[in-house]
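This is coords.txt. It holds compact mmCIF, C-alpha atoms and all ligand atoms.
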```
# COMPACT_ATOMS: atom_id res chain seq x y z
CA MET A 2 2.77 -5.73 1.91
CA ALA A 3 5.38 -3.01 1.58
CA ILE A 4 5.53 -2.58 -2.19
CA GLU A 5 4.03 0.69 -3.36
CA LYS A 6 4.09 2.84 -6.47
CA VAL A 7 6.67 5.64 -6.60
CA SER A 8 3.80 8.13 -7.05
CA THR A 9 2.34 6.97 -3.72
CA LEU A 10 5.65 7.68 -1.99
CA LEU A 11 5.94 11.04 -3.76
CA LYS A 12 2.47 12.00 -2.53
CA MET A 13 3.39 10.96 1.01
CA ALA A 14 6.61 12.98 0.80
CA ASP A 15 4.77 16.01 -0.57
CA GLU A 16 2.22 15.85 2.25
CA SER A 17 5.07 15.72 4.79
CA ASN A 18 6.94 18.55 3.03
CA THR A 19 9.94 16.27 2.61
CA SER A 20 11.65 14.00 0.09
CA VAL A 21 11.75 10.25 -0.35
CA ILE A 22 15.27 9.00 -1.20
CA GLY A 23 15.94 6.80 -4.22
CA PHE A 24 19.09 4.71 -3.99
CA ASN A 25 20.83 3.26 -7.04
CA CYS A 26 21.34 -0.46 -6.50
CA ILE A 27 23.12 -3.18 -8.44
CA ASP A 28 22.60 -6.49 -6.69
CA TYR A 29 21.12 -8.46 -3.81
CA ASN A 30 23.36 -6.82 -1.18
CA THR A 31 22.45 -3.28 -2.15
CA VAL A 32 18.70 -3.95 -2.59
CA TYR A 33 18.54 -5.89 0.67
CA ALA A 34 20.40 -3.12 2.53
CA VAL A 35 18.03 -0.38 1.26
CA CYS A 36 14.87 -2.36 2.16
CA HIS A 37 16.22 -3.46 5.53
CA ALA A 38 17.43 0.04 6.44
CA ALA A 39 14.08 1.54 5.43
CA GLU A 40 12.30 -0.85 7.78
CA ILE A 41 14.66 -0.02 10.66
CA ALA A 42 14.36 3.73 10.01
CA ASN A 43 10.61 3.36 9.41
CA THR A 44 11.12 5.55 6.35
CA PRO A 45 9.79 4.87 2.82
CA ALA A 46 12.51 4.42 0.18
CA ILE A 47 12.97 3.72 -3.54
CA VAL A 48 15.27 1.13 -5.12
CA MET A 49 16.56 2.32 -8.50
CA LEU A 50 18.39 0.55 -11.31
CA TYR A 51 20.60 2.22 -13.94
CA PRO A 52 20.07 0.46 -17.32
CA GLU A 53 23.81 0.27 -17.97
CA HIS A 54 24.29 -1.99 -14.95
CA CYS A 55 22.35 -4.56 -17.00
CA ILE A 56 23.26 -3.56 -20.55
CA LYS A 57 26.97 -2.87 -20.05
CA ASN A 58 28.05 -4.38 -16.74
CA HIS A 59 25.77 -7.43 -16.83
CA VAL A 60 25.28 -7.41 -13.06
CA SER A 61 21.60 -8.29 -13.49
CA ASN A 62 18.76 -8.15 -15.99
CA LEU A 63 15.45 -6.35 -15.76
CA SER A 64 13.19 -9.24 -14.76
CA ALA A 65 15.77 -10.79 -12.42
CA PHE A 66 16.22 -7.44 -10.70
CA ALA A 67 12.47 -6.72 -10.47
CA GLY A 68 11.84 -10.24 -9.13
CA MET A 69 14.62 -9.88 -6.58
CA PHE A 70 13.25 -6.50 -5.42
CA LYS A 71 9.78 -8.00 -5.02
CA GLY A 72 11.09 -11.03 -3.12
CA ILE A 73 12.98 -8.82 -0.68
CA ALA A 74 10.56 -5.88 -0.34
CA GLU A 75 7.47 -7.97 0.37
CA GLN A 76 9.03 -9.17 3.60
CA TYR A 77 8.86 -5.66 5.05
CA GLN A 78 6.05 -3.39 6.24
CA VAL A 79 7.60 -0.03 5.32
CA PRO A 80 6.55 1.37 1.88
CA LEU A 81 9.16 0.51 -0.78
CA ALA A 82 9.11 1.16 -4.53
CA LEU A 83 11.06 0.19 -7.66
CA HIS A 84 12.23 2.63 -10.35
CA LEU A 85 14.20 2.43 -13.60
CA ASP A 86 16.65 5.34 -13.63
CA HIS A 87 17.87 7.27 -16.74
CA SER A 88 16.77 5.49 -19.91
CA SER A 89 16.60 7.27 -23.25
CA ASP A 90 15.46 4.11 -25.05
CA ILE A 91 11.67 3.74 -25.28
CA ASN A 92 11.91 0.05 -26.18
CA TYR A 93 14.05 -0.62 -23.11
CA ILE A 94 11.50 1.25 -20.98
CA LEU A 95 8.78 -1.01 -22.37
CA GLU A 96 10.88 -4.04 -21.48
CA ALA A 97 11.27 -2.69 -17.94
CA ILE A 98 7.52 -2.18 -17.61
CA LYS A 99 6.93 -5.75 -18.82
CA ALA A 100 9.54 -6.96 -16.32
CA GLY A 101 7.61 -5.39 -13.42
CA PHE A 102 9.08 -1.88 -12.98
CA THR A 103 6.23 0.35 -11.80
CA SER A 104 8.17 3.57 -12.36
CA VAL A 105 10.51 4.59 -15.18
CA MET A 106 12.60 7.59 -16.10
CA TYR A 107 12.66 8.75 -19.70
CA ASP A 108 15.83 10.82 -20.13
CA GLY A 109 15.57 13.10 -23.15
CA THR A 110 18.10 15.66 -21.97
CA ARG A 111 20.41 15.19 -24.95
CA ILE A 112 17.73 15.99 -27.57
CA PRO A 113 15.81 19.23 -28.31
CA VAL A 114 13.01 20.03 -25.83
CA GLU A 115 10.18 19.57 -28.36
CA GLU A 116 11.50 16.09 -29.23
CA ASN A 117 11.89 15.32 -25.52
CA ILE A 118 8.21 16.32 -25.08
CA GLU A 119 7.06 14.11 -27.97
CA ASN A 120 8.99 11.08 -26.68
CA CYS A 121 7.81 11.67 -23.12
CA LYS A 122 4.22 11.79 -24.31
CA LYS A 123 4.71 8.38 -25.97
CA VAL A 124 6.22 6.92 -22.78
CA VAL A 125 3.43 8.37 -20.62
CA GLU A 126 0.79 6.98 -22.99
CA ILE A 127 2.27 3.46 -22.76
CA ALA A 128 2.98 3.72 -19.03
CA LYS A 129 -0.59 4.82 -18.27
CA VAL A 130 -1.97 1.58 -19.71
CA PHE A 131 0.09 -0.36 -17.16
CA GLY A 132 -0.41 2.11 -14.28
CA VAL A 133 3.30 2.98 -14.33
CA ASP A 134 4.79 6.33 -13.20
CA VAL A 135 7.06 8.39 -15.45
CA GLU A 136 9.90 10.71 -14.43
CA ALA A 137 11.51 13.01 -17.00
CA GLU A 138 14.35 15.52 -16.87
CA LEU A 139 14.50 19.09 -18.08
CA GLY A 140 17.63 21.19 -18.20
CA TYR A 141 20.64 18.94 -17.75
CA VAL A 142 21.96 17.46 -14.52
CA GLY A 143 25.38 16.58 -15.88
CA PHE A 144 28.52 15.30 -14.22
CA ALA A 145 30.50 16.69 -11.31
CA SER A 146 33.69 15.58 -13.10
CA ASN A 147 32.88 18.31 -15.70
CA SER A 148 31.74 20.80 -13.01
CA ASP A 149 28.33 20.83 -14.78
CA GLU A 150 26.73 21.82 -11.46
CA ASP A 151 28.27 25.30 -11.89
CA ASN A 152 26.96 25.85 -15.40
CA ALA A 153 23.73 27.87 -15.03
CA ASP A 154 23.10 27.54 -18.79
CA LEU A 155 22.19 23.92 -18.10
CA TYR A 156 19.73 24.77 -15.32
CA THR A 157 15.96 24.22 -15.66
CA LYS A 158 13.81 27.25 -16.47
CA ALA A 159 10.51 27.58 -14.59
CA SER A 160 8.47 28.56 -17.66
CA THR A 161 9.76 25.59 -19.70
CA ALA A 162 9.16 23.24 -16.76
CA ALA A 163 5.50 24.31 -16.56
CA HIS A 164 5.01 23.86 -20.32
CA PHE A 165 6.84 20.50 -20.31
CA SER A 166 4.85 19.07 -17.40
CA GLU A 167 1.49 20.16 -18.81
CA GLU A 168 2.24 18.82 -22.30
CA THR A 169 3.61 15.44 -21.24
CA GLY A 170 1.53 14.46 -18.20
CA ILE A 171 4.60 13.07 -16.41
CA THR A 172 4.47 12.09 -12.74
CA SER A 173 7.70 13.83 -11.72
CA LEU A 174 10.40 16.06 -13.14
CA ALA A 175 14.12 15.98 -12.45
CA ILE A 176 15.42 19.53 -12.46
CA ALA A 177 18.87 21.07 -12.80
CA ILE A 178 19.45 23.60 -10.00
CA GLY A 179 23.16 23.16 -9.24
CA SER A 180 23.67 19.44 -8.64
CA ALA A 181 25.55 16.91 -10.80
CA HIS A 182 26.21 13.17 -10.83
CA GLY A 183 29.36 11.76 -9.20
CA PHE A 184 31.66 13.12 -6.51
CA TYR A 185 31.91 16.92 -6.36
CA THR A 186 35.38 18.45 -6.34
CA LYS A 187 33.99 21.26 -4.14
CA PRO A 188 30.65 21.55 -2.28
CA PRO A 189 27.81 22.39 -4.71
CA LYS A 190 25.54 25.39 -4.19
CA LEU A 191 21.90 24.65 -4.99
CA ASP A 192 19.88 27.47 -6.56
CA ILE A 193 16.99 27.42 -4.07
CA ASP A 194 15.38 30.58 -5.54
CA ARG A 195 15.12 28.80 -8.88
CA LEU A 196 13.67 25.72 -7.17
CA ILE A 197 10.98 27.89 -5.53
CA GLU A 198 10.20 29.46 -8.91
CA ILE A 199 9.90 26.04 -10.60
CA ASN A 200 7.82 24.67 -7.74
CA ASN A 201 5.42 27.61 -8.00
CA ALA A 202 5.14 27.16 -11.76
CA THR A 203 4.24 23.46 -11.82
CA ASP A 204 2.22 20.89 -9.85
CA THR A 205 4.53 18.04 -10.89
CA TYR A 206 6.60 16.37 -8.15
CA LEU A 207 10.21 17.59 -8.39
CA VAL A 208 13.31 15.36 -8.26
CA LEU A 209 16.90 16.19 -7.33
CA HIS A 210 19.62 14.05 -8.91
CA GLY A 211 23.32 13.96 -8.05
CA GLY A 212 22.77 13.45 -4.33
CA SER A 213 26.25 12.32 -3.26
CA GLY A 214 27.94 15.12 -1.36
CA ILE A 215 25.29 17.84 -1.24
CA PRO A 216 25.56 19.52 2.20
CA GLU A 217 22.73 18.59 4.58
CA ASP A 218 21.55 22.17 5.20
CA GLN A 219 21.04 22.66 1.46
CA LEU A 220 19.13 19.38 1.21
CA ASN A 221 16.82 20.43 4.04
CA GLN A 222 16.16 23.68 2.17
CA ALA A 223 15.52 21.82 -1.09
CA PHE A 224 13.12 19.35 0.57
CA LYS A 225 11.19 22.18 2.25
CA ASN A 226 10.87 24.01 -1.04
CA GLY A 227 9.49 21.32 -3.33
CA ILE A 228 11.95 18.45 -3.87
CA ASN A 229 9.99 15.23 -3.20
CA LYS A 230 12.47 12.67 -4.59
CA PHE A 231 16.21 12.71 -4.07
CA ASN A 232 18.62 10.34 -5.87
CA VAL A 233 21.78 8.92 -4.31
CA GLY A 234 24.17 6.57 -6.10
CA THR A 235 27.91 7.30 -6.14
CA GLU A 236 28.55 7.50 -2.39
CA PHE A 237 26.51 4.34 -1.75
CA PHE A 238 28.44 2.37 -4.40
CA GLN A 239 31.75 3.71 -3.09
CA LEU A 240 30.86 2.61 0.44
CA TYR A 241 29.97 -0.86 -0.88
CA TYR A 242 33.35 -1.15 -2.58
CA ASP A 243 35.27 0.28 0.41
CA THR A 244 33.50 -2.11 2.78
CA ILE A 245 34.53 -5.18 0.79
CA ARG A 246 38.08 -3.84 0.69
CA LYS A 247 37.96 -3.22 4.45
CA TYR A 248 36.82 -6.80 5.07
CA CYS A 249 39.71 -8.13 2.97
CA ASP A 250 42.23 -5.86 4.74
CA GLU A 251 40.88 -6.88 8.16
CA PHE A 252 40.70 -10.64 7.64
CA GLY A 253 43.06 -11.29 4.74
CA ALA A 254 43.42 -14.98 3.93
CA ALA A 255 41.45 -15.90 7.09
CA GLY A 256 38.36 -14.18 5.67
CA ASN A 257 35.28 -16.29 5.01
CA PRO A 258 33.20 -15.61 1.87
CA PHE A 259 30.07 -16.66 3.79
CA ASP A 260 30.67 -13.97 6.42
CA LEU A 261 31.25 -11.21 3.89
CA PRO A 262 27.57 -10.44 3.05
CA ASP A 263 26.63 -9.90 6.71
CA TYR A 264 29.67 -7.68 7.20
CA VAL A 265 28.71 -5.63 4.12
CA HIS A 266 25.02 -5.43 5.07
CA ASN A 267 25.87 -4.07 8.53
CA GLU A 268 28.00 -1.24 7.11
CA LEU A 269 25.55 -0.37 4.32
CA VAL A 270 22.51 -0.46 6.60
CA ALA A 271 24.21 1.83 9.15
CA TYR A 272 24.98 4.36 6.40
CA LEU A 273 21.46 4.12 4.92
CA VAL A 274 19.60 4.45 8.23
CA ASN A 275 21.58 7.61 8.90
CA LYS A 276 20.96 8.96 5.37
CA MET A 277 17.23 8.25 5.65
CA LYS A 278 17.06 10.66 8.63
CA LEU A 279 17.05 13.38 5.95
CA SER A 280 13.55 12.19 4.94
CA LYS A 281 11.28 13.60 7.60
CA PHE A 282 7.92 11.88 7.07
CA ASN A 283 5.10 12.85 9.45
P1 LIG A 301 24.97 10.43 -7.51
O1 LIG A 301 25.53 9.17 -8.13
O2 LIG A 301 25.79 11.63 -7.80
O3 LIG A 301 24.66 10.26 -6.07
O4 LIG A 301 23.58 10.70 -8.27
C1 LIG A 301 22.65 9.67 -8.34
C2 LIG A 301 21.59 10.01 -9.31
O5 LIG A 301 21.22 11.14 -9.48
C3 LIG A 301 20.96 8.89 -10.02
O6 LIG A 301 20.03 9.29 -10.96
```
How does this structure look as structure tokens?
Amino acid sequence: MAIEKVSTLLKMADESNTSVIGFNCIDYNTVYAVCHAAEIANTPAIVMLYPEHCIKNHVSNLSAFAGMFKGIAEQYQVPLALHLDHSSDINYILEAIKAGFTSVMYDGTRIPVEENIENCKKVVEIAKVFGVDVEAELGYVGFASNSDEDNADLYTKASTAAHFSEETGITSLAIAIGSAHGFYTKPPKLDIDRLIEINNATDTYLVLHGGSGIPEDQLNQAFKNGINKFNVGTEFFQLYYDTIRKYCDEFGAAGNPFDLPDYVHNELVAYLVNKMKLSKFN
């Protein structure tokens, strides 16, 4: 059985001095591709769901998504885990836990730190009862479209990270060290010195968001210096969209809807297997 807790994969990554990659997924094709690629690459991976894909875009719902993940992942031997990404709604997090998510992110980045701590504590307390892992964020990993990655005022401070982790009892902490969500307009420059400082100040597993477009040499540095979970969304979604468009351009009216999934899976799996080479598990 390949389904594991995120904390198990984080521990494995930490012991190998590397990072497990979490991929944002929306549907059967994306979840299947991540699980299948992980098996081929023999590399643990995490399937993540953004709440708004359910709440706003109605591409799935929590229990349908969790059930689909389980149905796919249990066919593989490689360790795979399920995670709810970025939710600032405690009730929604509870729903996700009830639906079978074994890891959740409470995102309190838009409220004062002390309030973030109080809410995180509540989430951790509930999650503990169900054996669920909790990720939080400190500092603010904003959006590349606003060039937030360049704004050092938003970066995580080591002393606050230590206090936050101790107070809340979270499993992992997403930190702001020069990355941002979405496509970068110029290559980002991660603050590795700050990462080292944060890593020395806390025992909590550290997470890097905004993974699309960070140069590989910087990722290797980040993984060696304490990042144990790395999130990728935008470039994976863009490839999904581009691949469907490519199929339509290539086959036009002669295209067959029943051939499309295989065509898409092949492209996504090739990309994912290559991406997973960044995770260097012993
Ligand atoms: P990107 O969409 O920029 O790859 O970031 C993904 C992410 O951090 C999800 O939490």
Q.
Taking all atoms listed in the file into account, list the residues no farther than 6 Å from ligand LIG 301 (chain A), as a ChimeraX atom specification.
A. /A:86,182-183,210-213,232-235
(Q) List the spatial neighbours of Gly170 (chain A) as a ChimeraX atom specification - criterion: any atom at most 7 Å away, all atoms listed in the file, same-chain residues fewer than 3 positions off excluded. (A) /A:125,166-167
Close residues, Ser146 (chain A) itself excluded, 10 Å, all atoms listed in the file, min 2 positions apart in chain, as an mmCIF file with C-alpha atoms, in the frame of the given file:
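Printed below is selection12.cif as written:
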```
data_model
loop_
_atom_site.group_PDB
_atom_site.id
_atom_site.type_symbol
_atom_site.label_atom_id
_atom_site.label_comp_id
_atom_site.auth_asym_id
_atom_site.auth_seq_id
_atom_site.Cartn_x
_atom_site.Cartn_y
_atom_site.Cartn_z
ATOM 1 C CA GLY A 143 25.380 16.580 -15.880
ATOM 2 C CA PHE A 144 28.520 15.300 -14.220
ATOM 3 C CA SER A 148 31.740 20.800 -13.010
ATOM 4 C CA ASP A 149 28.330 20.830 -14.780
ATOM 5 C CA GLU A 150 26.730 21.820 -11.460
ATOM 6 C CA ALA A 181 25.550 16.910 -10.800
ATOM 7 C CA HIS A 182 26.210 13.170 -10.830
ATOM 8 C CA GLY A 183 29.360 11.760 -9.200
ATOM 9 C CA PHE A 184 31.660 13.120 -6.510
ATOM 10 C CA TYR A 185 31.910 16.920 -6.360
ATOM 11 C CA THR A 186 35.380 18.450 -6.340
#
```
Q: May I have the residues within 10 Å of Asn221 (chain A) as a PyMOL selection string, using all atoms listed in the file and disregarding those fewer than 6 positions away in the same chain?
A: chain A and resi 19-20+228+279-281
Q. Region 151-155 of chain A: which residues within 12 Å, counting all atoms listed in the file, same-chain residues fewer than 5 positions away excluded, as a ChimeraX atom specification?
A. /A:110-111,138-146,176-181,185-192,195
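From CA of Ala162 (chain A) back to CA of Asn201 (chain A), the distance works out to 10.5 Å.
Taking all atoms listed in the file into account, Glu5 (chain A) lies nearest to A:Lys71 out of the set A:His54, A:His59, A:Lys71, A:Lys225.
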(Q) At a cut-off of 9 Å, using all atoms listed in the file, what residues contact region 266-273 of chain A? Leave out same-chain residues fewer than 4 positions from it and give the result as a VMD selection string. (A) chain A and resid 30 to 31 33 to 35 37 to 39 41 to 42 237 240 to 241 244 261 to 262 277 to 278
Q) Of the residues A:Ala46, A:Ile91, A:Lys230, A:Ala100, which is the one nearest to Phe66 (chain A), using all atoms listed in the file? A) A:Ala100
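If you measure from each of A:Ala65, A:Cys249, A:Tyr206, A:Asp260 to Asn18 (chain A) using all atoms listed in the file, the closest one turns out to be A:Tyr206.
Shortest separation to Glu168 (chain A) among A:Tyr51, A:Val208, A:Thr203, A:Gly256 occurs at residue A:Thr203, atoms counted being all atoms listed in the file.
Of the listed residues A:Thr205, A:Ser173, A:Ser104, A:Ser160, the one whose atoms come nearest to Phe231 (chain A) is A:Ser173, with distances taken using only C-alpha atoms.
Coordinates place CA of Asp134 (chain A) at a distance of 23.7 Å from CA of Ile197 (chain A).
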Q: Please measure the separation of CA of Gly132 (chain A) and CA of Leu81 (chain A), giving the value in Å to one decimal.
A: 16.6 Å
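Remark: for Ala163 (chain A), the closest of the candidate residues A:Asn283, A:Ala202, A:Lys129, A:Glu136 is A:Ala202 (distances computed over all atoms listed in the file).
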